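Q: Take a look at this one; I'll ask things after.
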Amino acid sequence: VLVQVTHSMPPEKIEMFKSLDGWAMENILVHLKPVEKCWQPQDFLPDHASEGFEDQVKELRERAKEIPDDYFVVLVGDMITEEALPTYQTMLNIVDGVRDETGASLTSWAIWTRAWTAEENRHGDLLNNTSRRQYNI
């Protein structure tokens, strides 16, 4: 018989997160931008529907051809890290005190986790798209 663990933190830590919920709402969430005002990866990349798309991609590749290989190693490492993003959010979503079982919780920690992972996802999308277009990775 499997026994479900209902608390991933000691009760005093859960209480600490719950007690900080109002503080986080007033001091952290006020810094989050509304979704419609957040940057998107396409804001930094050539528009594939534009007439000058191929020339813009060629220009990006020209600018990138002198970038040292060490930078590419870092970019690949960053892309691997960004690919693990669903794991990070899953881990945060199952921690008692910050849990977001439905993906729509209104606790400050759940709201912050969703905003943070959305931001990180945009980083990953930008890295992947830039790498394909600019660096031919």
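Going by the structure tokens order, chains are called A, B, ..., each with residues numbered from 1, while ligands are numbered from 1 in the order shown.
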Would you return as a PyMOL selection string the members of stretch 13-88 of chain A that DSSP assigns to helix (DSSP H, G or I) on this structure's backbone?

A: chain A and resi 13-19+21-27+29-31+35-37+41-44+53-64+69-83+85-88

Q: Got a sec: who's within 12 Å of A:Gly22, counting only C-alpha atoms, leaving out chain neighbours fewer than 4 positions off, as a ChimeraX atom specification?

A: /A:16-18,26-30,106-109

Q: With N, CA and C atoms retained, export the selected residues as an mmCIF file, in the first residue's frame.

A:
data_model
loop_
_atom_site.group_PDB
_atom_site.id
_atom_site.type_symbol
_atom_site.label_atom_id
_atom_site.label_comp_id
_atom_site.auth_asym_id
_atom_site.auth_seq_id
_atom_site.Cartn_x
_atom_site.Cartn_y
_atom_site.Cartn_z
ATOM 1 N N MET A 16 5.778 29.351 8.179
ATOM 2 C CA MET A 16 6.578 30.515 7.820
ATOM 3 C C MET A 16 6.165 31.036 6.444
ATOM 4 N N PHE A 17 6.050 30.130 5.448
ATOM 5 C CA PHE A 17 5.646 30.561 4.116
ATOM 6 C C PHE A 17 4.249 31.168 4.136
ATOM 7 N N LYS A 18 3.350 30.548 4.863
ATOM 8 C CA LYS A 18 1.988 31.088 4.960
ATOM 9 C C LYS A 18 1.995 32.459 5.622
ATOM 10 N N GLU A 26 2.476 42.114 -1.101
ATOM 11 C CA GLU A 26 2.699 43.565 -1.078
ATOM 12 C C GLU A 26 4.091 43.980 -1.564
ATOM 13 N N ASN A 27 5.085 43.111 -1.449
ATOM 14 C CA ASN A 27 6.456 43.517 -1.732
ATOM 15 C C ASN A 27 7.116 42.830 -2.918
ATOM 16 N N ILE A 28 6.567 41.717 -3.345
ATOM 17 C CA ILE A 28 7.157 41.010 -4.486
ATOM 18 C C ILE A 28 6.250 41.104 -5.704
ATOM 19 N N LEU A 29 4.990 40.768 -5.521
ATOM 20 C CA LEU A 29 4.081 40.719 -6.670
ATOM 21 C C LEU A 29 3.857 42.080 -7.308
ATOM 22 N N VAL A 30 4.069 43.149 -6.568
ATOM 23 C CA VAL A 30 3.894 44.489 -7.146
ATOM 24 C C VAL A 30 4.906 44.751 -8.263
ATOM 25 N N LEU A 106 -4.389 31.506 -6.005
ATOM 26 C CA LEU A 106 -4.217 32.947 -5.832
ATOM 27 C C LEU A 106 -3.252 33.293 -4.705
ATOM 28 N N THR A 107 -2.525 32.293 -4.167
ATOM 29 C CA THR A 107 -1.524 32.628 -3.148
ATOM 30 C C THR A 107 -0.374 33.365 -3.833
ATOM 31 N N SER A 108 0.289 34.216 -3.092
ATOM 32 C CA SER A 108 1.376 35.005 -3.679
ATOM 33 C C SER A 108 2.483 34.118 -4.229
ATOM 34 N N TRP A 109 2.765 33.005 -3.536
ATOM 35 C CA TRP A 109 3.855 32.128 -3.991
ATOM 36 C C TRP A 109 3.494 31.442 -5.295
#

Q: Counting only C-alpha atoms, which of A:Leu75, A:Met25, A:Val57, A:Ala64 gets nearest to A:Leu126?

A: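 For A:Leu126, the nearest of the given residues is A:Leu75.
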
Q: May I ask which of the residues A:Glu101, A:Arg61, A:Thr87, A:Tyr71 is the closest one to A:Arg132, counting only C-alpha atoms?

A: A:Arg61

Q: For A:Arg114, list every protein, DNA or RNA residue within 12 Å, evaluated using only C-alpha atoms, and leave out those in the same chain fewer than 4 positions away; present the list as number ranges by chain.

A: A: 29, 32, 35, 85-86, 88-90, 92-93, 98-110, 118-121

Q: To one decimal place, how far is atom CA of A:Gln56 from atom CA of A:Phe72 in Å?

A: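 If I compute the distance from atom CA of A:Gln56 to atom CA of A:Phe72, I get 20.7 Å.
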
Q: Kindly indicate which residue among A:Gln42, A:Ser8, A:Ser19, A:Thr113 lies nearest to A:Asn129, using only C-alpha atoms for the distances.

A: A:Gln42

Q: Grab the atom CA of A:Glu62 to atom CA of A:Asp47 distance for me, in Å with one decimal place.

A: 17.6 Å

Q: As an exercise, work out the distance from atom CA of A:Asp21 to atom CA of A:Val95 in Å and give it to one decimal place.

A: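 For atom CA of A:Asp21 relative to atom CA of A:Val95, the distance reads 14.5 Å.
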
Q: Can you tell me which residues surround A:Asp78 at a distance of at most 10 Å, considering only C-alpha atoms, apart from same-chain residues fewer than 5 positions away, and format the answer as a list of chain:residue names?

A: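 After dropping sequence-adjacent residues, the list is A:Phe72, A:Val73, A:Glu83, A:His123, A:Gly124, A:Leu127, A:Asn128.
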